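> Would you mind keeping the following structure in view while I ask a few things?
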4 protein chains.
Amino acid sequence: MASSPQPDIRRTILDVTRELLIEQGITQLSIRMIARQVGCSVGTIYFYFHNKDELIHSLIEEGFEKLIELQDHTEAEFDNPLQRLEQLCRNYIQFGLDNPAYYEIMFMLNPERMARFPAEKYRRARRSVEVVASALKECRDQGLLSVGEPYIHAHLIWSFMHGVVTLLKAKRIDRRIDPAEMISATIRHILQQNSH
Amino acid sequence: MASSPQPDIRRTILDVTRELLIEQGITQLSIRMIARQVGCSVGTIYFYFHNKDELIHSLIEEGFEKLIELQDHTEAEFDNPLQRLEQLCRNYIQFGLDNPAYYEIMFMLNPERMARFPAEKYRRARRSVEVVASALKECRDQGLLSVGEPYIHAHLIWSFMHGVVTLLKAKRIDRRIDPAEMISATIRHILQQNSH
Amino acid sequence: MASSPQPDIRRTILDVTRELLIEQGITQLSIRMIARQVGCSVGTIYFYFHNKDELIHSLIEEGFEKLIELQDHTEAEFDNPLQRLEQLCRNYIQFGLDNPAYYEIMFMLNPERMARFPAEKYRRARRSVEVVASALKECRDQGLLSVGEPYIHAHLIWSFMHGVVTLLKAKRIDRRIDPAEMISATIRHILQQNSH
Amino acid sequence: MASSPQPDIRRTILDVTRELLIEQGITQLSIRMIARQVGCSVGTIYFYFHNKDELIHSLIEEGFEKLIELQDHTEAEFDNPLQRLEQLCRNYIQFGLDNPAYYEIMFMLNPERMARFPAEKYRRARRSVEVVASALKECRDQGLLSVGEPYIHAHLIWSFMHGVVTLLKAKRIDRRIDPAEMISATIRHILQQNSH
DNA sequence: TATGAATGAGCATTCATTCAT
DNA sequence: GATGAATGAATGCTCATTCAT
């Protein structure tokens, strides 16, 4: 990576940061490491990003952009709210597992602790709940699902998915259990098709 | 804390570490900070713990001890598997919210990333799943609940609870939603009492 | 400043540098800061000035030009050497207080320490002493003042004024003392009108 | 210096800092340089001093201690206020020339610019003015000197001496002028023995 | 037991400067 | 004329760890 021609260093920096984020986690991540991996000097990174936080912020924005685009597209695609709900959930879980670095900085940072990543940066996270809430409402109105207040229930579903994603990501689930089966069971549970 | 007579410095170190863990998170935690807060020298901490990892390990062990004792006690107390299941879940969630530091190091570290916290350290985590699985099995056998394979379903329930705990801990849930209600809804959902 | 039409960027760079010099002092001054304030790139500054030192040199030259012009004009204006001496001293002190940035780089840098500002750059400083020495000589010849060797005495007067300027500039004089009064007393003292 | 046995590293750090302060000035002074010169690691310096400012502060305190002790001793020694005034002035100038590093951080820093060296740190500087003011008052009361308000006049004398010290220190005075003669002339001027 | 002293590697960040375009 | 991109060296500072006492 150090010697190949870099058409877009800014892009490379973001990508390398994402890779390192997966391997090291946010706290071990250092500008020096990124520079070494990118094959540029430390200063170059500071040329493209004011500071470390801004670099992470850019990644957070990117992550939300990707996820929201995915969900918006799904929302437009499915008329049937139950099918839509299912797809939204599959999307979310898949996004988390496919993009562990994005998921980590988007949903696993504690904004209380990391003051420099203020809560408002995460307001976009609400969007992923709202699309679910909207699908739930329609499901309820059409008698397809028996749920309580849709917004609250959407948070419940979100929590459920978040738990599955984070435990799978962290390899905490017993190896003998097939992740795909975990995911299917999760979806079934959300859609209240609990029978085996 | 610095000037009171220390009957058990080791104990104090562990307690202070836990407190700092809540405020700072694992990555901001430094031996110096602990020493300053305890009122001893850094060397003293190294007398009681070989290194930082061992100190964290001890806390992890302690955390599992506490949780397992809690769950074992509940398991012995309730004959009715459904009531037992409910109490086990309430215990788990409450434990996570009451002991954020323990919960963090027990369930939120990524053992892949933290090579020094090898997966085997977390095998005890399985115990909290097993008590749930055992209750589920009895529920199913007694026709109280319609679930699939109990061990898998126990992981599902665990994931669900884990998601709720971590999102609540990180203050990611919309402020307008009452945490207590989130928890109740979670329990209801687990017990498949979804109606209203 | 960034968007107005720049008839003379070189001039703007010098002016901005002077302003920043007042606020930050020479050591905090950075090319980047200047460029940002001017609204140009760092490269542009290097187009007009070979390096940072040359930029400072230009300001030093400018400062001496200003001061010398002021003193030369005064020298031509006053026939009476005592009045001339008084005006020369008033000029010097006022110049120092009105142009803190110029004064700093002209008279407060240590050429031993700053090898890149060689002593010869400061030879022009002697001119401000010489005009005083010349006035002193005339005063002595006309019996207006009882002084020793004029050139030495001129240095004494210079030192005196330099002390007042630097202490006032650095806000080291007790706030309860009116700067104007300090200056008047200084002038009186130089002219040996010591009585109250 | 790196290999000799260091009985008191803290002392060595202070001394080395003082030496480097003379050569480099405060702005070029770096912790790494000090460590290199002392022959210890950077961390060692931070063991003895919380940060760079605290290290400089310690030197400032030391400097004022030295100067004040010198002046207090002189004050007690001389009954004759004129002789006392003379000695106080000789002391001050000599102190400045003998201890260029101390003098620089005590009297040549701009507290406005260096916010971390707050004005109050320099209140002790006033003491050197007060001893002069007290001597002046006695001189005036005994008819030995014709001066205005003693406190103001003391500031005048201080400025005068400050100018001489700083210009001599910075090698700004014409090489052909003997520093000792400058000093004598300064003292004579202060004592109003202006004739030849 | 406990500490004071010391270290080396690391951190985020800034800087003067260069140079192809 | 002017810029955007890049660099290497430096800065103040923190860290986990060691070890003689």
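Ordering of the structure tokens sets the chain letters (A, B, ...); residue numbers start at 1 within each chain; ligands are numbered from 1 in the order shown.
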Applying 12 Å and only C-alpha atoms (C1' of nucleotides), which residues near DG8 of chain F remain after dropping the ones on its own chain fewer than 5 positions away? List them as a list in words.
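The neighbour list is Cys40, Ser41, Val42, Gly43 and Thr44 of chain A; DC15, DA16, DT17 and DT18 of chain E.
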> Create the file for the chosen residues now, containing C-alpha atoms (C1' of nucleotides) and written as a PDB file, in the first residue's frame.

```pdb
ATOM      1  CA  CYS A  40       2.579   8.871   4.053  1.00  0.00           C
ATOM      2  CA  SER A  41       3.853  11.239   6.673  1.00  0.00           C
ATOM      3  CA  VAL A  42       1.935  12.255   9.749  1.00  0.00           C
ATOM      4  CA  GLY A  43       1.679  15.768   8.415  1.00  0.00           C
ATOM      5  CA  THR A  44      -0.145  14.574   5.339  1.00  0.00           C
TER       6      THR A  44
ATOM      7  C1'  DC E  15       6.364  23.754  12.102  1.00  0.00           C
ATOM      8  C1'  DA E  16       9.419  25.717   8.299  1.00  0.00           C
ATOM      9  C1'  DT E  17      10.174  24.417   4.116  1.00  0.00           C
ATOM     10  C1'  DT E  18       9.906  22.366  -0.713  1.00  0.00           C
TER      11       DT E  18
END
```
> Output as JSON, numbers by chain the set of chain F residues within 10 Å of chain D, with distances taken over only C-alpha atoms (C1' of nucleotides).
{"F": [10, 11, 12, 13, 14, 15]}
> Write the residues of the selection above to a file with all heavy atoms, as a short mmCIF file (atom, residue, chain, number, x, y, z; two decimals), in the first residue's frame.

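New file out_15.cif:
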```cif
data_model
loop_
_atom_site.label_atom_id
_atom_site.label_comp_id
_atom_site.auth_asym_id
_atom_site.auth_seq_id
_atom_site.Cartn_x
_atom_site.Cartn_y
_atom_site.Cartn_z
P DA F 10 15.19 17.29 14.96
OP1 DA F 10 16.46 18.01 14.92
OP2 DA F 10 15.12 15.84 15.30
"O5'" DA F 10 14.21 18.04 15.97
"C5'" DA F 10 13.84 19.37 15.67
"C4'" DA F 10 12.51 19.67 16.27
"O4'" DA F 10 11.48 18.91 15.61
"C3'" DA F 10 12.37 19.30 17.75
"O3'" DA F 10 12.53 20.46 18.54
"C2'" DA F 10 10.95 18.79 17.89
"C1'" DA F 10 10.39 18.83 16.49
N9 DA F 10 9.64 17.62 16.16
C8 DA F 10 10.15 16.38 15.85
N7 DA F 10 9.24 15.49 15.60
C5 DA F 10 8.05 16.17 15.76
C6 DA F 10 6.71 15.78 15.63
N6 DA F 10 6.34 14.54 15.32
N1 DA F 10 5.77 16.72 15.85
C2 DA F 10 6.15 17.96 16.18
N3 DA F 10 7.37 18.45 16.32
C4 DA F 10 8.29 17.49 16.09
P DT F 11 12.53 20.29 20.08
OP1 DT F 11 13.31 21.44 20.53
OP2 DT F 11 12.90 18.91 20.46
"O5'" DT F 11 11.02 20.51 20.50
"C5'" DT F 11 10.25 21.56 19.92
"C4'" DT F 11 8.86 21.51 20.50
"O4'" DT F 11 8.07 20.59 19.74
"C3'" DT F 11 8.85 20.95 21.91
"O3'" DT F 11 8.52 21.95 22.85
"C2'" DT F 11 7.84 19.86 21.94
"C1'" DT F 11 7.23 19.86 20.58
N1 DT F 11 7.17 18.46 20.08
C2 DT F 11 5.94 17.90 19.91
O2 DT F 11 4.89 18.49 20.12
N3 DT F 11 5.96 16.60 19.47
C4 DT F 11 7.09 15.83 19.21
O4 DT F 11 6.99 14.67 18.83
C5 DT F 11 8.35 16.49 19.43
C7 DT F 11 9.62 15.77 19.18
C6 DT F 11 8.33 17.76 19.84
P DG F 12 8.93 21.61 24.37
OP1 DG F 12 9.29 22.91 24.96
OP2 DG F 12 9.83 20.45 24.44
"O5'" DG F 12 7.52 21.16 24.92
"C5'" DG F 12 6.39 22.02 24.79
"C4'" DG F 12 5.18 21.30 25.32
"O4'" DG F 12 4.93 20.15 24.50
"C3'" DG F 12 5.33 20.77 26.75
"O3'" DG F 12 4.07 20.91 27.40
"C2'" DG F 12 5.72 19.32 26.55
"C1'" DG F 12 4.96 18.97 25.29
N9 DG F 12 5.62 17.92 24.50
C8 DG F 12 6.95 17.80 24.21
N7 DG F 12 7.23 16.75 23.50
C5 DG F 12 6.02 16.14 23.29
C6 DG F 12 5.70 14.95 22.58
O6 DG F 12 6.45 14.19 21.98
N1 DG F 12 4.34 14.67 22.63
C2 DG F 12 3.40 15.45 23.26
N2 DG F 12 2.14 15.03 23.21
N3 DG F 12 3.69 16.56 23.92
C4 DG F 12 5.01 16.85 23.90
P DC F 13 3.95 20.41 28.96
OP1 DC F 13 2.80 21.13 29.55
OP2 DC F 13 5.28 20.47 29.57
"O5'" DC F 13 3.51 18.90 28.82
"C5'" DC F 13 2.32 18.60 28.08
"C4'" DC F 13 2.18 17.11 27.98
"O4'" DC F 13 3.22 16.58 27.14
"C3'" DC F 13 2.32 16.36 29.30
"O3'" DC F 13 1.03 15.93 29.69
"C2'" DC F 13 3.27 15.21 29.01
"C1'" DC F 13 3.36 15.23 27.48
N1 DC F 13 4.63 14.75 26.92
C2 DC F 13 4.61 13.56 26.19
O2 DC F 13 3.54 12.97 26.04
N3 DC F 13 5.76 13.08 25.67
C4 DC F 13 6.91 13.75 25.85
N4 DC F 13 8.02 13.24 25.32
C5 DC F 13 6.95 14.97 26.60
C6 DC F 13 5.79 15.43 27.11
P DT F 14 0.80 15.08 31.01
OP1 DT F 14 -0.51 15.44 31.52
OP2 DT F 14 2.02 15.17 31.83
"O5'" DT F 14 0.73 13.60 30.44
"C5'" DT F 14 -0.13 13.32 29.35
"C4'" DT F 14 -0.13 11.83 29.13
"O4'" DT F 14 1.09 11.43 28.49
"C3'" DT F 14 -0.23 11.00 30.41
"O3'" DT F 14 -1.20 9.98 30.16
"C2'" DT F 14 1.17 10.46 30.61
"C1'" DT F 14 1.67 10.34 29.17
N1 DT F 14 3.12 10.45 28.97
C2 DT F 14 3.76 9.52 28.19
O2 DT F 14 3.18 8.59 27.66
N3 DT F 14 5.11 9.72 28.04
C4 DT F 14 5.87 10.74 28.59
O4 DT F 14 7.07 10.81 28.37
C5 DT F 14 5.14 11.68 29.39
C7 DT F 14 5.86 12.82 30.03
C6 DT F 14 3.83 11.50 29.54
P DC F 15 -1.66 9.00 31.29
OP1 DC F 15 -3.08 8.73 31.08
OP2 DC F 15 -1.18 9.52 32.59
"O5'" DC F 15 -0.86 7.68 30.94
"C5'" DC F 15 -0.94 7.22 29.59
"C4'" DC F 15 -0.07 6.00 29.43
"O4'" DC F 15 1.26 6.43 29.15
"C3'" DC F 15 0.00 5.14 30.68
"O3'" DC F 15 -0.78 3.98 30.45
"C2'" DC F 15 1.47 4.80 30.85
"C1'" DC F 15 2.18 5.54 29.73
N1 DC F 15 3.30 6.38 30.21
C2 DC F 15 4.58 6.13 29.73
O2 DC F 15 4.74 5.19 28.95
N3 DC F 15 5.60 6.90 30.17
C4 DC F 15 5.36 7.90 31.02
N4 DC F 15 6.38 8.64 31.41
C5 DC F 15 4.05 8.18 31.50
C6 DC F 15 3.06 7.40 31.08
#
```
> Residues of segment 104-175 of chain A classed as helix (DSSP H, G or I) by DSSP on the backbone are to be reported as a PyMOL selection string.
chain A and resi 104-107+119-122+125-141+150-169
> What's the separation between atom CA of Arg124 of chain A and atom CA of Arg84 of chain A, in Å to one decimal place?
20.3 Å
> Could you give the RMSD, in Å, left over when chain C is least-squares superposed onto chain A across all Cα atoms paired sequentially?
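The C-alpha RMSD comes out at 0.4 Å.
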> Separation of atom CA of Met182 of chain A and atom CA of Met108 of chain B, in Å?
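Taking atom CA of Met182 of chain A and atom CA of Met108 of chain B, their separation equals 18.9 Å.
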> Please build the interface table for chain B against chain A with a cut-off of 6 Å, listing for each qualifying residue the nearest atom pair and the distance in Å to one decimal; count only C-alpha atoms, order rows by chain and increasing number, and write it as a Markdown table.

```
| residue | atom | partner | partner_atom | distance |
| --- | --- | --- | --- | --- |
| B:Asn110 | CA | A:Ala170 | CA | 4.9 |
| B:Arg113 | CA | A:Gln24 | CA | 5.9 |
| B:Gly148 | CA | A:His196 | CA | 4.6 |
| B:Ser159 | CA | A:Gly163 | CA | 4.5 |
| B:Phe160 | CA | A:Phe160 | CA | 4.2 |
| B:His162 | CA | A:Gly163 | CA | 5.1 |
| B:Gly163 | CA | A:Gly163 | CA | 3.6 |
| B:Val164 | CA | A:Ser159 | CA | 5.0 |
| B:Ala170 | CA | A:Asn110 | CA | 4.9 |
| B:His196 | CA | A:Gly148 | CA | 5.2 |
```
> With N, CA and C atoms retained, could you export that selection as a CSV table (one decimal), in the first residue's frame?

```csv
chain,number,residue,atom,x,y,z
B,110,ASN,N,-13.7,-6.8,23.3
B,110,ASN,CA,-13.6,-7.7,22.1
B,110,ASN,C,-12.3,-8.6,22.3
B,113,ARG,N,-9.6,-8.5,19.7
B,113,ARG,CA,-8.7,-7.3,19.7
B,113,ARG,C,-7.8,-7.3,20.9
B,148,GLY,N,-37.7,-22.6,20.2
B,148,GLY,CA,-36.9,-23.6,19.4
B,148,GLY,C,-35.9,-24.3,20.4
B,159,SER,N,-28.7,-12.0,23.8
B,159,SER,CA,-28.4,-10.9,22.9
B,159,SER,C,-29.4,-9.7,23.1
B,160,PHE,N,-30.7,-10.1,23.2
B,160,PHE,CA,-31.7,-9.1,23.4
B,160,PHE,C,-31.4,-8.2,24.6
B,162,HIS,N,-28.6,-8.0,26.2
B,162,HIS,CA,-27.3,-7.3,26.0
B,162,HIS,C,-27.5,-6.0,25.2
B,163,GLY,N,-28.3,-6.0,24.2
B,163,GLY,CA,-28.6,-4.8,23.4
B,163,GLY,C,-29.2,-3.8,24.3
B,164,VAL,N,-30.2,-4.2,25.1
B,164,VAL,CA,-30.9,-3.2,25.9
B,164,VAL,C,-29.9,-2.6,26.9
B,170,ALA,N,-25.1,3.4,27.3
B,170,ALA,CA,-24.5,4.4,26.5
B,170,ALA,C,-25.4,5.6,26.2
B,196,HIS,N,-50.4,-5.8,24.2
B,196,HIS,CA,-50.4,-4.5,24.7
B,196,HIS,C,-49.2,-4.2,25.6
```
> For a quick test of understanding: name the residues of chain E lying within 12 Å of chain A when counting only C-alpha atoms (C1' of nucleotides), and present them as a list of chain:residue names.
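Residues of chain E within 12 Å of chain A, counting only C-alpha atoms (C1' of nucleotides): E:DG10, E:DC11, E:DA12, E:DT13, E:DT14, E:DC15.
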> Got a sec: who's within 8 Å of segment 58-67 of chain C, counting only C-alpha atoms (C1' of nucleotides), leaving out chain neighbours fewer than 6 positions off, as number ranges by chain?
C: 14, 18, 92, 95, 102-103, 105-106, 124-125, 128
> Just N, CA and C atoms for this one: save the residues we selected as a PDB file, in the first residue's frame.

```pdb
ATOM      1  N   LEU C  14       3.455  41.782   5.192  1.00  0.00           N
ATOM      2  CA  LEU C  14       4.230  42.511   6.199  1.00  0.00           C
ATOM      3  C   LEU C  14       3.321  43.073   7.292  1.00  0.00           C
ATOM      4  N   ARG C  18       3.161  42.016  11.255  1.00  0.00           N
ATOM      5  CA  ARG C  18       3.338  42.993  12.339  1.00  0.00           C
ATOM      6  C   ARG C  18       2.222  42.861  13.369  1.00  0.00           C
ATOM      7  N   TYR C  92      11.325  58.805  20.338  1.00  0.00           N
ATOM      8  CA  TYR C  92      11.775  57.427  20.536  1.00  0.00           C
ATOM      9  C   TYR C  92      10.799  56.647  21.400  1.00  0.00           C
ATOM     10  N   PHE C  95       7.523  56.152  19.672  1.00  0.00           N
ATOM     11  CA  PHE C  95       7.661  55.145  18.612  1.00  0.00           C
ATOM     12  C   PHE C  95       7.597  53.731  19.194  1.00  0.00           C
ATOM     13  N   TYR C 102       7.410  46.535  15.793  1.00  0.00           N
ATOM     14  CA  TYR C 102       8.677  47.040  15.278  1.00  0.00           C
ATOM     15  C   TYR C 102       9.699  47.103  16.400  1.00  0.00           C
ATOM     16  N   TYR C 103       9.291  47.710  17.505  1.00  0.00           N
ATOM     17  CA  TYR C 103      10.252  47.901  18.588  1.00  0.00           C
ATOM     18  C   TYR C 103      10.837  46.572  19.050  1.00  0.00           C
ATOM     19  N   ILE C 105      11.252  43.674  17.447  1.00  0.00           N
ATOM     20  CA  ILE C 105      12.260  43.051  16.580  1.00  0.00           C
ATOM     21  C   ILE C 105      13.466  43.957  16.364  1.00  0.00           C
ATOM     22  N   MET C 106      13.277  45.273  16.544  1.00  0.00           N
ATOM     23  CA  MET C 106      14.408  46.177  16.355  1.00  0.00           C
ATOM     24  C   MET C 106      15.342  46.206  17.556  1.00  0.00           C
ATOM     25  N   ARG C 124      22.144  49.921  12.169  1.00  0.00           N
ATOM     26  CA  ARG C 124      21.340  51.120  11.942  1.00  0.00           C
ATOM     27  C   ARG C 124      20.755  51.641  13.253  1.00  0.00           C
ATOM     28  N   ALA C 125      20.708  50.731  14.234  1.00  0.00           N
ATOM     29  CA  ALA C 125      20.199  51.165  15.535  1.00  0.00           C
ATOM     30  C   ALA C 125      21.074  52.290  16.084  1.00  0.00           C
ATOM     31  N   SER C 128      20.052  56.015  15.912  1.00  0.00           N
ATOM     32  CA  SER C 128      19.176  56.672  16.899  1.00  0.00           C
ATOM     33  C   SER C 128      19.983  57.173  18.088  1.00  0.00           C
TER      34      SER C 128
END
```
> If you count only C-alpha atoms (C1' of nucleotides), which residues fall within 12 Å of Asp15 of chain D, apart from same-chain ones fewer than 2 positions away, as a list in words?
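Listed by chain and then number, they are Met1, Asp8, Ile9, Arg10, Arg11, Thr12, Ile13, Thr17, Arg18, Glu19, Leu20, Leu21, Ile22, Ile34, Ala35, Gln37, Val38, Leu55, Ile56, Ser58, Leu59, Glu62, Gly63, Asn99, Ala101 and Tyr102 of chain D.
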> Expressed in Å to a single decimal, how great is the separation between atom CA of Asp141 of chain C and atom CA of Arg127 of chain C?
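Between atom CA of Asp141 of chain C and atom CA of Arg127 of chain C the gap works out to 21.0 Å.
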